[in-house]
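S.K.: Before I ask anything, here is the structure I am working with.
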Amino acid sequence: MGTESPVVMDPAGRDIHAEAARIRESGPTARVELPGGVTAWAVTGPALLRELLTDPRVSKDPRQHWPRWINGEISPEWPLFTWVAVRNMFTAYGGDHRRLRTLVAKAFTARRTAALRPRVEELVTGLLDGVADSGRRGDVVDLREAFCYPLPIQVITDLFGLPEEWSAQLRTLVDSVFHTSADPEEAAATYAGFHTLLGDLVRLKRGSPADDLTSGLIAARDEDGTRLSEQELIDTLLLMVSAGHETTVNLLDNAVHALLTRPRQLEHVRAGRAGWDDVIEETLRHDAPVASVPLRYAVADIDVGGAGEGHVIRAGEAILASYAAAGRDPGWHGFDADVFDVTRADKEHLAFGHGAHFCLGAPLARLEARTALPALFERFPGLALAVPPEELEPVDSFISNGHRTLPVRLG
């Protein structure tokens, strides 16, 4: 990987954007050190990132293309183990990826997503009623806990037929998946716990199938085992119920935070100079809900900047897709790339990825945000942060990009 020292990434993600700026100083790609001393190439340049996300010389399958996995150097105690160990479309390559993605993609078509709108509207109304009840008592309301989190998790619970009483356990496991400074015991317990929980779900749905995506995946598995192995079935569920809601939680959290800390931007929306879609896309650009996604692997040597040390990603080396860094790249969005501006003409971003692994749930995330954000600000026009912005703490993760809490007063 060259002789220069890698940037040691903060496992707790205490200042994701400052760290991204430091990494960008080395150019569109730079060596970084992840927890456990694992090194990778962080790709921050938008053009290069987009190129690599569609390059067949880049794989997401560690079993085929990452020597450290193949050699047995990566254990369940590694904080990012679940991200690379699962067998689903997230870690698949080539034909396997197409096979696994096809099984899920039909559930997230534009038509099916649009059909969820009435349910999303119903959930938003109910959650805002609960927020109003707390506000009437004069309480400070943690909006992440009371609104940003429960909306996406309830949508996913509905889609996959998860029992309501499993919600608390599911939340603990999902939080742990994104907890990149987890100790070895937590990391191992998270991977095992998810497989126990989802194995129970599969057994439940096999015995009592219903009109949900879990039952549909089980039917595909049981009708033709060549389409989906049992491990792939469980790991596909893991992907959908974890990544399927965490991104939307952070999208809502970051959008509300941006508007409450920048009153002028909210005024643009209220005056009609910008719309809620502008808020959503600028939030995705300015504060990608998933800051960095591990891992990809070079299948062959890849020249990413001409000859010379540090410009070739060697076969077998790991790659970290740095979406938050790309969104604020000055070469893409100018000198004010760090500024949140809903009137910005070009809000293009890579927050949902690009190419074959583009996020299937992107239309659903946008639908939820497009429903939730205007309803929130119309219901509570005097909404305000209850603490100074500098007191807000980030989620303990360099992958998940959001706040631990979002305390507000309803005004």
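As shown in the structure tokens, the chain order sets the letters A, B, ...; within each chain, residues go from 1, and ligands are also counted from 1 in the order they appear.
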Segment 317-326 of chain A: which residues within 6 Å, counting only C-alpha atoms, same-chain residues fewer than 5 positions away excluded, as a PDB file with N, CA, C and O atoms, in the first residue's frame?
M.R.:
```
ATOM      1  N   ALA A  20     -12.777  13.769   7.187  1.00  0.00           N
ATOM      2  CA  ALA A  20     -12.870  13.651   5.727  1.00  0.00           C
ATOM      3  C   ALA A  20     -12.022  14.706   5.039  1.00  0.00           C
ATOM      4  O   ALA A  20     -11.367  14.436   4.025  1.00  0.00           O
ATOM      5  N   ALA A  40      -6.987   0.330   4.442  1.00  0.00           N
ATOM      6  CA  ALA A  40      -7.819   0.379   3.232  1.00  0.00           C
ATOM      7  C   ALA A  40      -7.516   1.665   2.491  1.00  0.00           C
ATOM      8  O   ALA A  40      -6.874   2.575   3.025  1.00  0.00           O
ATOM      9  N   TRP A  41      -7.983   1.743   1.265  1.00  0.00           N
ATOM     10  CA  TRP A  41      -7.941   2.983   0.494  1.00  0.00           C
ATOM     11  C   TRP A  41      -9.288   3.688   0.656  1.00  0.00           C
ATOM     12  O   TRP A  41     -10.321   3.145   0.240  1.00  0.00           O
ATOM     13  N   ALA A  42      -9.289   4.863   1.263  1.00  0.00           N
ATOM     14  CA  ALA A  42     -10.505   5.676   1.327  1.00  0.00           C
ATOM     15  C   ALA A  42     -10.603   6.470   0.031  1.00  0.00           C
ATOM     16  O   ALA A  42      -9.675   7.213  -0.319  1.00  0.00           O
ATOM     17  N   VAL A  43     -11.704   6.319  -0.677  1.00  0.00           N
ATOM     18  CA  VAL A  43     -11.904   7.031  -1.937  1.00  0.00           C
ATOM     19  C   VAL A  43     -12.877   8.171  -1.675  1.00  0.00           C
ATOM     20  O   VAL A  43     -14.050   7.955  -1.378  1.00  0.00           O
ATOM     21  N   THR A  44     -12.368   9.407  -1.769  1.00  0.00           N
ATOM     22  CA  THR A  44     -13.164  10.603  -1.468  1.00  0.00           C
ATOM     23  C   THR A  44     -13.495  11.413  -2.704  1.00  0.00           C
ATOM     24  O   THR A  44     -14.435  12.209  -2.692  1.00  0.00           O
ATOM     25  N   GLY A  45     -12.732  11.261  -3.765  1.00  0.00           N
ATOM     26  CA  GLY A  45     -12.979  12.022  -4.986  1.00  0.00           C
ATOM     27  C   GLY A  45     -14.229  11.529  -5.680  1.00  0.00           C
ATOM     28  O   GLY A  45     -14.317  10.339  -6.012  1.00  0.00           O
ATOM     29  N   PRO A  46     -15.220  12.392  -5.928  1.00  0.00           N
ATOM     30  CA  PRO A  46     -16.491  11.936  -6.503  1.00  0.00           C
ATOM     31  C   PRO A  46     -16.344  11.242  -7.852  1.00  0.00           C
ATOM     32  O   PRO A  46     -16.978  10.210  -8.088  1.00  0.00           O
ATOM     33  N   ALA A 288     -24.293  13.010   4.291  1.00  0.00           N
ATOM     34  CA  ALA A 288     -24.681  11.668   3.861  1.00  0.00           C
ATOM     35  C   ALA A 288     -25.027  10.819   5.080  1.00  0.00           C
ATOM     36  O   ALA A 288     -24.234  10.737   6.022  1.00  0.00           O
ATOM     37  N   ALA A 291     -21.759   7.709   6.237  1.00  0.00           N
ATOM     38  CA  ALA A 291     -20.576   8.498   5.882  1.00  0.00           C
ATOM     39  C   ALA A 291     -19.590   7.697   5.043  1.00  0.00           C
ATOM     40  O   ALA A 291     -19.043   8.196   4.055  1.00  0.00           O
ATOM     41  N   SER A 292     -19.333   6.462   5.444  1.00  0.00           N
ATOM     42  CA  SER A 292     -18.399   5.593   4.730  1.00  0.00           C
ATOM     43  C   SER A 292     -18.930   4.174   4.766  1.00  0.00           C
ATOM     44  O   SER A 292     -19.505   3.754   5.774  1.00  0.00           O
ATOM     45  N   VAL A 293     -18.735   3.435   3.688  1.00  0.00           N
ATOM     46  CA  VAL A 293     -19.246   2.065   3.619  1.00  0.00           C
ATOM     47  C   VAL A 293     -18.092   1.088   3.418  1.00  0.00           C
ATOM     48  O   VAL A 293     -17.379   1.153   2.420  1.00  0.00           O
ATOM     49  N   PRO A 294     -17.891   0.177   4.361  1.00  0.00           N
ATOM     50  CA  PRO A 294     -16.893  -0.892   4.179  1.00  0.00           C
ATOM     51  C   PRO A 294     -17.558  -2.110   3.543  1.00  0.00           C
ATOM     52  O   PRO A 294     -18.753  -2.311   3.736  1.00  0.00           O
ATOM     53  N   LEU A 295     -16.828  -2.901   2.890  1.00  0.00           N
ATOM     54  CA  LEU A 295     -15.568  -2.696   2.218  1.00  0.00           C
ATOM     55  C   LEU A 295     -15.708  -3.219   0.809  1.00  0.00           C
ATOM     56  O   LEU A 295     -16.573  -4.046   0.522  1.00  0.00           O
ATOM     57  N   ARG A 296     -14.852  -2.756  -0.075  1.00  0.00           N
ATOM     58  CA  ARG A 296     -14.707  -3.318  -1.407  1.00  0.00           C
ATOM     59  C   ARG A 296     -13.253  -3.758  -1.554  1.00  0.00           C
ATOM     60  O   ARG A 296     -12.405  -3.382  -0.749  1.00  0.00           O
ATOM     61  N   TYR A 297     -12.959  -4.535  -2.622  1.00  0.00           N
ATOM     62  CA  TYR A 297     -11.627  -5.113  -2.786  1.00  0.00           C
ATOM     63  C   TYR A 297     -11.241  -5.075  -4.265  1.00  0.00           C
ATOM     64  O   TYR A 297     -12.066  -5.352  -5.142  1.00  0.00           O
ATOM     65  N   ALA A 298      -9.995  -4.729  -4.503  1.00  0.00           N
ATOM     66  CA  ALA A 298      -9.507  -4.704  -5.876  1.00  0.00           C
ATOM     67  C   ALA A 298      -9.294  -6.136  -6.370  1.00  0.00           C
ATOM     68  O   ALA A 298      -8.610  -6.936  -5.727  1.00  0.00           O
ATOM     69  N   ALA A 351     -24.861   9.725  -2.004  1.00  0.00           N
ATOM     70  CA  ALA A 351     -25.246   9.236  -0.678  1.00  0.00           C
ATOM     71  C   ALA A 351     -25.903   7.860  -0.720  1.00  0.00           C
ATOM     72  O   ALA A 351     -25.833   7.114   0.262  1.00  0.00           O
TER      73      ALA A 351
END
```
S.K.: Could you give me, as a list in words, the residues within 10 Å of Gly126 of chain A, counting only C-alpha atoms and dropping anything in the same chain fewer than 6 positions from it?
M.R.: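 With the cut-off at 10 Å, the set is Val120, Ala132, Phe147 and Leu151 of chain A.
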S.K.: Once you have the residues from the selection above, write them out as a CSV table (one decimal), in the first residue's frame, restricted to N, CA, C and O atoms.
M.R.:
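Heads up, here's the output in result_0.csv:
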```csv
chain,number,residue,atom,x,y,z
A,120,VAL,N,-47.4,5.4,5.4
A,120,VAL,CA,-46.4,6.4,5.9
A,120,VAL,C,-47.1,7.6,6.5
A,120,VAL,O,-46.7,8.1,7.6
A,132,ALA,N,-46.7,15.9,20.2
A,132,ALA,CA,-47.5,17.0,20.7
A,132,ALA,C,-47.9,16.8,22.1
A,132,ALA,O,-47.9,17.7,22.9
A,147,PHE,N,-39.5,10.6,16.8
A,147,PHE,CA,-40.0,10.8,15.4
A,147,PHE,C,-39.0,10.2,14.4
A,147,PHE,O,-39.4,9.3,13.6
A,151,LEU,N,-40.4,6.1,12.8
A,151,LEU,CA,-41.0,6.0,11.5
A,151,LEU,C,-40.4,5.0,10.6
A,151,LEU,O,-41.0,4.1,10.1
```
S.K.: At a cut-off of 10 Å, using only C-alpha atoms, what residues contact segment 274-278 of chain A? Leave out same-chain residues fewer than 2 positions from it and give the result as a PDB file with all heavy atoms, in the first residue's frame.
M.R.:
```pdb
ATOM      1  N   ALA A 255     -31.694  16.460   8.410  1.00  0.00           N
ATOM      2  CA  ALA A 255     -32.494  17.509   7.765  1.00  0.00           C
ATOM      3  C   ALA A 255     -33.101  18.446   8.809  1.00  0.00           C
ATOM      4  O   ALA A 255     -33.071  19.675   8.660  1.00  0.00           O
ATOM      5  CB  ALA A 255     -33.595  16.878   6.914  1.00  0.00           C
ATOM      6  N   GLN A 265     -32.455  29.012   5.908  1.00  0.00           N
ATOM      7  CA  GLN A 265     -32.769  27.915   4.989  1.00  0.00           C
ATOM      8  C   GLN A 265     -34.228  27.488   5.135  1.00  0.00           C
ATOM      9  O   GLN A 265     -34.913  27.231   4.144  1.00  0.00           O
ATOM     10  CB  GLN A 265     -31.828  26.734   5.254  1.00  0.00           C
ATOM     11  CG  GLN A 265     -30.358  27.041   5.019  1.00  0.00           C
ATOM     12  CD  GLN A 265     -30.069  27.477   3.596  1.00  0.00           C
ATOM     13  OE1 GLN A 265     -30.476  26.812   2.652  1.00  0.00           O
ATOM     14  NE2 GLN A 265     -29.390  28.592   3.429  1.00  0.00           N
ATOM     15  N   LEU A 266     -34.706  27.444   6.357  1.00  0.00           N
ATOM     16  CA  LEU A 266     -36.116  27.120   6.572  1.00  0.00           C
ATOM     17  C   LEU A 266     -37.008  28.198   5.984  1.00  0.00           C
ATOM     18  O   LEU A 266     -38.068  27.904   5.407  1.00  0.00           O
ATOM     19  CB  LEU A 266     -36.386  26.953   8.069  1.00  0.00           C
ATOM     20  CG  LEU A 266     -37.810  26.563   8.474  1.00  0.00           C
ATOM     21  CD1 LEU A 266     -38.267  25.295   7.769  1.00  0.00           C
ATOM     22  CD2 LEU A 266     -37.899  26.406   9.989  1.00  0.00           C
ATOM     23  N   GLU A 267     -36.584  29.434   6.073  1.00  0.00           N
ATOM     24  CA  GLU A 267     -37.363  30.535   5.504  1.00  0.00           C
ATOM     25  C   GLU A 267     -37.435  30.417   3.984  1.00  0.00           C
ATOM     26  O   GLU A 267     -38.467  30.742   3.376  1.00  0.00           O
ATOM     27  CB  GLU A 267     -36.745  31.874   5.909  1.00  0.00           C
ATOM     28  CG  GLU A 267     -37.484  33.097   5.381  1.00  0.00           C
ATOM     29  CD  GLU A 267     -38.964  33.110   5.759  1.00  0.00           C
ATOM     30  OE1 GLU A 267     -39.323  32.614   6.843  1.00  0.00           O
ATOM     31  OE2 GLU A 267     -39.768  33.618   4.945  1.00  0.00           O
ATOM     32  N   HIS A 268     -36.360  29.957   3.346  1.00  0.00           N
ATOM     33  CA  HIS A 268     -36.404  29.726   1.893  1.00  0.00           C
ATOM     34  C   HIS A 268     -37.552  28.772   1.535  1.00  0.00           C
ATOM     35  O   HIS A 268     -38.261  28.967   0.548  1.00  0.00           O
ATOM     36  CB  HIS A 268     -35.078  29.112   1.420  1.00  0.00           C
ATOM     37  CG  HIS A 268     -33.950  30.098   1.293  1.00  0.00           C
ATOM     38  ND1 HIS A 268     -34.116  31.363   0.798  1.00  0.00           N
ATOM     39  CD2 HIS A 268     -32.618  29.976   1.585  1.00  0.00           C
ATOM     40  CE1 HIS A 268     -32.946  31.996   0.794  1.00  0.00           C
ATOM     41  NE2 HIS A 268     -32.028  31.173   1.266  1.00  0.00           N
ATOM     42  N   VAL A 269     -37.698  27.724   2.339  1.00  0.00           N
ATOM     43  CA  VAL A 269     -38.741  26.734   2.075  1.00  0.00           C
ATOM     44  C   VAL A 269     -40.120  27.344   2.311  1.00  0.00           C
ATOM     45  O   VAL A 269     -41.031  27.204   1.479  1.00  0.00           O
ATOM     46  CB  VAL A 269     -38.544  25.490   2.962  1.00  0.00           C
ATOM     47  CG1 VAL A 269     -39.654  24.476   2.709  1.00  0.00           C
ATOM     48  CG2 VAL A 269     -37.178  24.849   2.691  1.00  0.00           C
ATOM     49  N   ARG A 270     -40.283  28.034   3.410  1.00  0.00           N
ATOM     50  CA  ARG A 270     -41.584  28.605   3.744  1.00  0.00           C
ATOM     51  C   ARG A 270     -42.002  29.700   2.769  1.00  0.00           C
ATOM     52  O   ARG A 270     -43.198  29.916   2.537  1.00  0.00           O
ATOM     53  CB  ARG A 270     -41.547  29.134   5.180  1.00  0.00           C
ATOM     54  CG  ARG A 270     -41.564  28.002   6.201  1.00  0.00           C
ATOM     55  CD  ARG A 270     -41.440  28.485   7.623  1.00  0.00           C
ATOM     56  NE  ARG A 270     -41.768  27.395   8.558  1.00  0.00           N
ATOM     57  CZ  ARG A 270     -41.364  27.344   9.811  1.00  0.00           C
ATOM     58  NH1 ARG A 270     -40.612  28.320  10.307  1.00  0.00           N
ATOM     59  NH2 ARG A 270     -41.718  26.333  10.589  1.00  0.00           N
ATOM     60  N   ALA A 271     -41.011  30.374   2.192  1.00  0.00           N
ATOM     61  CA  ALA A 271     -41.313  31.441   1.240  1.00  0.00           C
ATOM     62  C   ALA A 271     -41.451  30.919  -0.190  1.00  0.00           C
ATOM     63  O   ALA A 271     -41.747  31.706  -1.104  1.00  0.00           O
ATOM     64  CB  ALA A 271     -40.226  32.510   1.301  1.00  0.00           C
ATOM     65  N   GLY A 272     -41.235  29.635  -0.385  1.00  0.00           N
ATOM     66  CA  GLY A 272     -41.383  29.057  -1.714  1.00  0.00           C
ATOM     67  C   GLY A 272     -40.165  29.195  -2.599  1.00  0.00           C
ATOM     68  O   GLY A 272     -40.230  28.880  -3.792  1.00  0.00           O
ATOM     69  N   ILE A 280     -34.239  17.707   1.119  1.00  0.00           N
ATOM     70  CA  ILE A 280     -33.827  16.306   1.189  1.00  0.00           C
ATOM     71  C   ILE A 280     -32.526  16.083   0.424  1.00  0.00           C
ATOM     72  O   ILE A 280     -31.572  15.474   0.944  1.00  0.00           O
ATOM     73  CB  ILE A 280     -34.947  15.406   0.646  1.00  0.00           C
ATOM     74  CG1 ILE A 280     -36.154  15.457   1.582  1.00  0.00           C
ATOM     75  CG2 ILE A 280     -34.453  13.962   0.463  1.00  0.00           C
ATOM     76  CD1 ILE A 280     -37.432  14.905   0.987  1.00  0.00           C
ATOM     77  N   GLU A 281     -32.449  16.567  -0.805  1.00  0.00           N
ATOM     78  CA  GLU A 281     -31.246  16.321  -1.618  1.00  0.00           C
ATOM     79  C   GLU A 281     -30.036  17.064  -1.070  1.00  0.00           C
ATOM     80  O   GLU A 281     -28.916  16.535  -1.094  1.00  0.00           O
ATOM     81  CB  GLU A 281     -31.504  16.691  -3.076  1.00  0.00           C
ATOM     82  CG  GLU A 281     -32.616  15.879  -3.730  1.00  0.00           C
ATOM     83  CD  GLU A 281     -32.455  14.372  -3.533  1.00  0.00           C
ATOM     84  OE1 GLU A 281     -31.341  13.858  -3.774  1.00  0.00           O
ATOM     85  OE2 GLU A 281     -33.443  13.715  -3.137  1.00  0.00           O
ATOM     86  N   GLU A 282     -30.241  18.272  -0.552  1.00  0.00           N
ATOM     87  CA  GLU A 282     -29.103  19.000   0.019  1.00  0.00           C
ATOM     88  C   GLU A 282     -28.635  18.344   1.314  1.00  0.00           C
ATOM     89  O   GLU A 282     -27.432  18.316   1.604  1.00  0.00           O
ATOM     90  CB  GLU A 282     -29.471  20.465   0.251  1.00  0.00           C
ATOM     91  CG  GLU A 282     -28.351  21.321   0.846  1.00  0.00           C
ATOM     92  CD  GLU A 282     -27.122  21.518  -0.050  1.00  0.00           C
ATOM     93  OE1 GLU A 282     -27.011  20.836  -1.098  1.00  0.00           O
ATOM     94  OE2 GLU A 282     -26.258  22.341   0.321  1.00  0.00           O
ATOM     95  N   THR A 283     -29.561  17.781   2.073  1.00  0.00           N
ATOM     96  CA  THR A 283     -29.164  17.037   3.273  1.00  0.00           C
ATOM     97  C   THR A 283     -28.350  15.808   2.885  1.00  0.00           C
ATOM     98  O   THR A 283     -27.313  15.515   3.496  1.00  0.00           O
ATOM     99  CB  THR A 283     -30.404  16.609   4.078  1.00  0.00           C
ATOM    100  OG1 THR A 283     -31.137  17.769   4.477  1.00  0.00           O
ATOM    101  CG2 THR A 283     -29.995  15.824   5.320  1.00  0.00           C
ATOM    102  N   LEU A 284     -28.795  15.086   1.880  1.00  0.00           N
ATOM    103  CA  LEU A 284     -28.065  13.902   1.428  1.00  0.00           C
ATOM    104  C   LEU A 284     -26.664  14.268   0.939  1.00  0.00           C
ATOM    105  O   LEU A 284     -25.701  13.526   1.167  1.00  0.00           O
ATOM    106  CB  LEU A 284     -28.846  13.206   0.318  1.00  0.00           C
ATOM    107  CG  LEU A 284     -30.135  12.496   0.757  1.00  0.00           C
ATOM    108  CD1 LEU A 284     -31.000  12.157  -0.455  1.00  0.00           C
ATOM    109  CD2 LEU A 284     -29.812  11.235   1.554  1.00  0.00           C
ATOM    110  N   ASP A 341     -27.084  24.675   1.697  1.00  0.00           N
ATOM    111  CA  ASP A 341     -27.819  25.698   0.953  1.00  0.00           C
ATOM    112  C   ASP A 341     -28.888  25.022   0.095  1.00  0.00           C
ATOM    113  O   ASP A 341     -28.588  24.407  -0.927  1.00  0.00           O
ATOM    114  CB  ASP A 341     -26.853  26.503   0.076  1.00  0.00           C
ATOM    115  CG  ASP A 341     -27.555  27.595  -0.716  1.00  0.00           C
ATOM    116  OD1 ASP A 341     -28.775  27.804  -0.512  1.00  0.00           O
ATOM    117  OD2 ASP A 341     -26.890  28.241  -1.546  1.00  0.00           O
ATOM    118  N   VAL A 342     -30.138  25.154   0.525  1.00  0.00           N
ATOM    119  CA  VAL A 342     -31.232  24.495  -0.205  1.00  0.00           C
ATOM    120  C   VAL A 342     -31.455  25.103  -1.580  1.00  0.00           C
ATOM    121  O   VAL A 342     -32.107  24.489  -2.435  1.00  0.00           O
ATOM    122  CB  VAL A 342     -32.545  24.526   0.603  1.00  0.00           C
ATOM    123  CG1 VAL A 342     -32.413  23.695   1.869  1.00  0.00           C
ATOM    124  CG2 VAL A 342     -32.976  25.952   0.922  1.00  0.00           C
ATOM    125  N   THR A 343     -30.924  26.306  -1.828  1.00  0.00           N
ATOM    126  CA  THR A 343     -31.075  26.937  -3.143  1.00  0.00           C
ATOM    127  C   THR A 343     -29.922  26.590  -4.086  1.00  0.00           C
ATOM    128  O   THR A 343     -29.887  27.060  -5.217  1.00  0.00           O
ATOM    129  CB  THR A 343     -31.181  28.465  -3.014  1.00  0.00           C
ATOM    130  OG1 THR A 343     -29.933  28.997  -2.545  1.00  0.00           O
ATOM    131  CG2 THR A 343     -32.294  28.855  -2.047  1.00  0.00           C
ATOM    132  N   ARG A 344     -28.985  25.781  -3.623  1.00  0.00           N
ATOM    133  CA  ARG A 344     -27.848  25.380  -4.458  1.00  0.00           C
ATOM    134  C   ARG A 344     -28.375  24.726  -5.739  1.00  0.00           C
ATOM    135  O   ARG A 344     -29.230  23.837  -5.696  1.00  0.00           O
ATOM    136  CB  ARG A 344     -26.978  24.397  -3.674  1.00  0.00           C
ATOM    137  CG  ARG A 344     -25.707  23.948  -4.378  1.00  0.00           C
ATOM    138  CD  ARG A 344     -25.008  22.857  -3.573  1.00  0.00           C
ATOM    139  NE  ARG A 344     -24.618  23.337  -2.254  1.00  0.00           N
ATOM    140  CZ  ARG A 344     -23.492  23.999  -1.993  1.00  0.00           C
ATOM    141  NH1 ARG A 344     -22.647  24.243  -2.984  1.00  0.00           N
ATOM    142  NH2 ARG A 344     -23.214  24.405  -0.782  1.00  0.00           N
ATOM    143  N   ALA A 345     -27.837  25.152  -6.880  1.00  0.00           N
ATOM    144  CA  ALA A 345     -28.335  24.639  -8.163  1.00  0.00           C
ATOM    145  C   ALA A 345     -27.988  23.164  -8.351  1.00  0.00           C
ATOM    146  O   ALA A 345     -28.806  22.375  -8.828  1.00  0.00           O
ATOM    147  CB  ALA A 345     -27.778  25.473  -9.306  1.00  0.00           C
ATOM    148  N   LYS A 347     -27.117  19.830  -6.548  1.00  0.00           N
ATOM    149  CA  LYS A 347     -27.087  19.090  -5.281  1.00  0.00           C
ATOM    150  C   LYS A 347     -26.714  17.623  -5.505  1.00  0.00           C
ATOM    151  O   LYS A 347     -26.973  16.772  -4.639  1.00  0.00           O
ATOM    152  CB  LYS A 347     -28.457  19.165  -4.594  1.00  0.00           C
ATOM    153  CG  LYS A 347     -28.946  20.576  -4.314  1.00  0.00           C
ATOM    154  CD  LYS A 347     -30.311  20.539  -3.640  1.00  0.00           C
ATOM    155  CE  LYS A 347     -30.874  21.929  -3.436  1.00  0.00           C
ATOM    156  NZ  LYS A 347     -31.272  22.571  -4.724  1.00  0.00           N
ATOM    157  N   ARG A 366     -36.726   8.511   0.433  1.00  0.00           N
ATOM    158  CA  ARG A 366     -37.191   9.830  -0.024  1.00  0.00           C
ATOM    159  C   ARG A 366     -38.678  10.011   0.255  1.00  0.00           C
ATOM    160  O   ARG A 366     -39.112  11.096   0.641  1.00  0.00           O
ATOM    161  CB  ARG A 366     -36.886  10.004  -1.503  1.00  0.00           C
ATOM    162  CG  ARG A 366     -35.392  10.229  -1.814  1.00  0.00           C
ATOM    163  CD  ARG A 366     -35.168  10.474  -3.300  1.00  0.00           C
ATOM    164  NE  ARG A 366     -33.832  10.979  -3.578  1.00  0.00           N
ATOM    165  CZ  ARG A 366     -32.896  10.309  -4.248  1.00  0.00           C
ATOM    166  NH1 ARG A 366     -33.159   9.083  -4.699  1.00  0.00           N
ATOM    167  NH2 ARG A 366     -31.706  10.837  -4.470  1.00  0.00           N
ATOM    168  N   LEU A 367     -39.467   8.955   0.056  1.00  0.00           N
ATOM    169  CA  LEU A 367     -40.901   9.034   0.341  1.00  0.00           C
ATOM    170  C   LEU A 367     -41.135   9.348   1.815  1.00  0.00           C
ATOM    171  O   LEU A 367     -41.957  10.221   2.154  1.00  0.00           O
ATOM    172  CB  LEU A 367     -41.584   7.723  -0.027  1.00  0.00           C
ATOM    173  CG  LEU A 367     -43.037   7.562   0.465  1.00  0.00           C
ATOM    174  CD1 LEU A 367     -43.949   8.585  -0.190  1.00  0.00           C
ATOM    175  CD2 LEU A 367     -43.534   6.139   0.198  1.00  0.00           C
ATOM    176  N   ALA A 369     -39.094  10.780   3.964  1.00  0.00           N
ATOM    177  CA  ALA A 369     -38.651  12.141   4.279  1.00  0.00           C
ATOM    178  C   ALA A 369     -39.596  13.176   3.686  1.00  0.00           C
ATOM    179  O   ALA A 369     -39.913  14.190   4.333  1.00  0.00           O
ATOM    180  CB  ALA A 369     -37.233  12.353   3.757  1.00  0.00           C
ATOM    181  N   ARG A 370     -40.052  12.921   2.460  1.00  0.00           N
ATOM    182  CA  ARG A 370     -40.944  13.882   1.794  1.00  0.00           C
ATOM    183  C   ARG A 370     -42.289  13.980   2.513  1.00  0.00           C
ATOM    184  O   ARG A 370     -42.978  15.010   2.438  1.00  0.00           O
ATOM    185  CB  ARG A 370     -41.150  13.457   0.336  1.00  0.00           C
ATOM    186  CG  ARG A 370     -41.958  14.446  -0.504  1.00  0.00           C
ATOM    187  CD  ARG A 370     -41.218  15.766  -0.637  1.00  0.00           C
ATOM    188  NE  ARG A 370     -41.980  16.785  -1.342  1.00  0.00           N
ATOM    189  CZ  ARG A 370     -42.948  17.525  -0.804  1.00  0.00           C
ATOM    190  NH1 ARG A 370     -43.288  17.346   0.475  1.00  0.00           N
ATOM    191  NH2 ARG A 370     -43.563  18.449  -1.510  1.00  0.00           N
ATOM    192  N   THR A 371     -42.670  12.936   3.220  1.00  0.00           N
ATOM    193  CA  THR A 371     -43.911  12.946   3.989  1.00  0.00           C
ATOM    194  C   THR A 371     -43.682  13.533   5.383  1.00  0.00           C
ATOM    195  O   THR A 371     -44.480  14.342   5.871  1.00  0.00           O
ATOM    196  CB  THR A 371     -44.458  11.512   4.119  1.00  0.00           C
ATOM    197  OG1 THR A 371     -44.602  10.934   2.813  1.00  0.00           O
ATOM    198  CG2 THR A 371     -45.810  11.504   4.822  1.00  0.00           C
ATOM    199  N   LEU A 373     -41.055  15.429   6.843  1.00  0.00           N
ATOM    200  CA  LEU A 373     -40.479  16.755   7.121  1.00  0.00           C
ATOM    201  C   LEU A 373     -41.507  17.886   7.011  1.00  0.00           C
ATOM    202  O   LEU A 373     -41.636  18.695   7.942  1.00  0.00           O
ATOM    203  CB  LEU A 373     -39.280  17.006   6.206  1.00  0.00           C
ATOM    204  CG  LEU A 373     -38.064  16.115   6.489  1.00  0.00           C
ATOM    205  CD1 LEU A 373     -37.007  16.288   5.411  1.00  0.00           C
ATOM    206  CD2 LEU A 373     -37.479  16.412   7.867  1.00  0.00           C
ATOM    207  N   PRO A 374     -42.267  18.000   5.911  1.00  0.00           N
ATOM    208  CA  PRO A 374     -43.257  19.084   5.874  1.00  0.00           C
ATOM    209  C   PRO A 374     -44.317  18.943   6.961  1.00  0.00           C
ATOM    210  O   PRO A 374     -44.768  19.941   7.533  1.00  0.00           O
ATOM    211  CB  PRO A 374     -43.862  18.972   4.472  1.00  0.00           C
ATOM    212  CG  PRO A 374     -43.492  17.641   3.956  1.00  0.00           C
ATOM    213  CD  PRO A 374     -42.230  17.260   4.637  1.00  0.00           C
TER     214      PRO A 374
END
```
S.K.: Run DSSP on the backbone and give me the residues of segment 12-204 of chain A it puts in alpha helix (DSSP H), as a VMD selection string.
M.R.: chain A and resid 16 to 24 46 to 53 62 to 65 67 to 70 81 to 85 95 to 105 110 to 115 117 to 136 143 150 to 160 167 to 177 184 to 204
S.K.: Atom CA of Leu385 of chain A and atom CA of Ala18 of chain A are how many Å apart?
M.R.: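 Atom CA of Ala18 of chain A lies at a distance of 23.3 Å from atom CA of Leu385 of chain A.
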S.K.: Tell me which of A:Thr172, A:Asn401, A:Asn250, A:Thr29 sits closest to Tyr149 of chain A, counting only C-alpha atoms.
M.R.: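 Answer, going by the shortest atom-to-atom distance: A:Asn250.
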S.K.: Assign secondary structure with DSSP using the backbone only, and return the residues of segment 52-186 of chain A in strand (DSSP E) as an MDAnalysis selection string.
M.R.: chainID A and resid 58:59 141:142
S.K.: If you keep N, CA and C atoms, can you produce a file of those selected residues as a CSV table (one decimal), in the first residue's frame?
M.R.:
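Dumped to again_9.csv:
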```
chain,number,residue,atom,x,y,z
A,58,VAL,N,-13.5,-4.1,-9.2
A,58,VAL,CA,-13.8,-3.9,-7.8
A,58,VAL,C,-14.9,-4.8,-7.3
A,59,SER,N,-14.6,-5.6,-6.3
A,59,SER,CA,-15.6,-6.6,-5.8
A,59,SER,C,-16.0,-6.2,-4.3
A,141,VAL,N,-38.5,17.4,24.0
A,141,VAL,CA,-38.7,16.1,23.2
A,141,VAL,C,-37.4,15.8,22.5
A,142,ASP,N,-37.0,14.5,22.6
A,142,ASP,CA,-35.9,14.0,21.8
A,142,ASP,C,-36.5,13.6,20.5
```
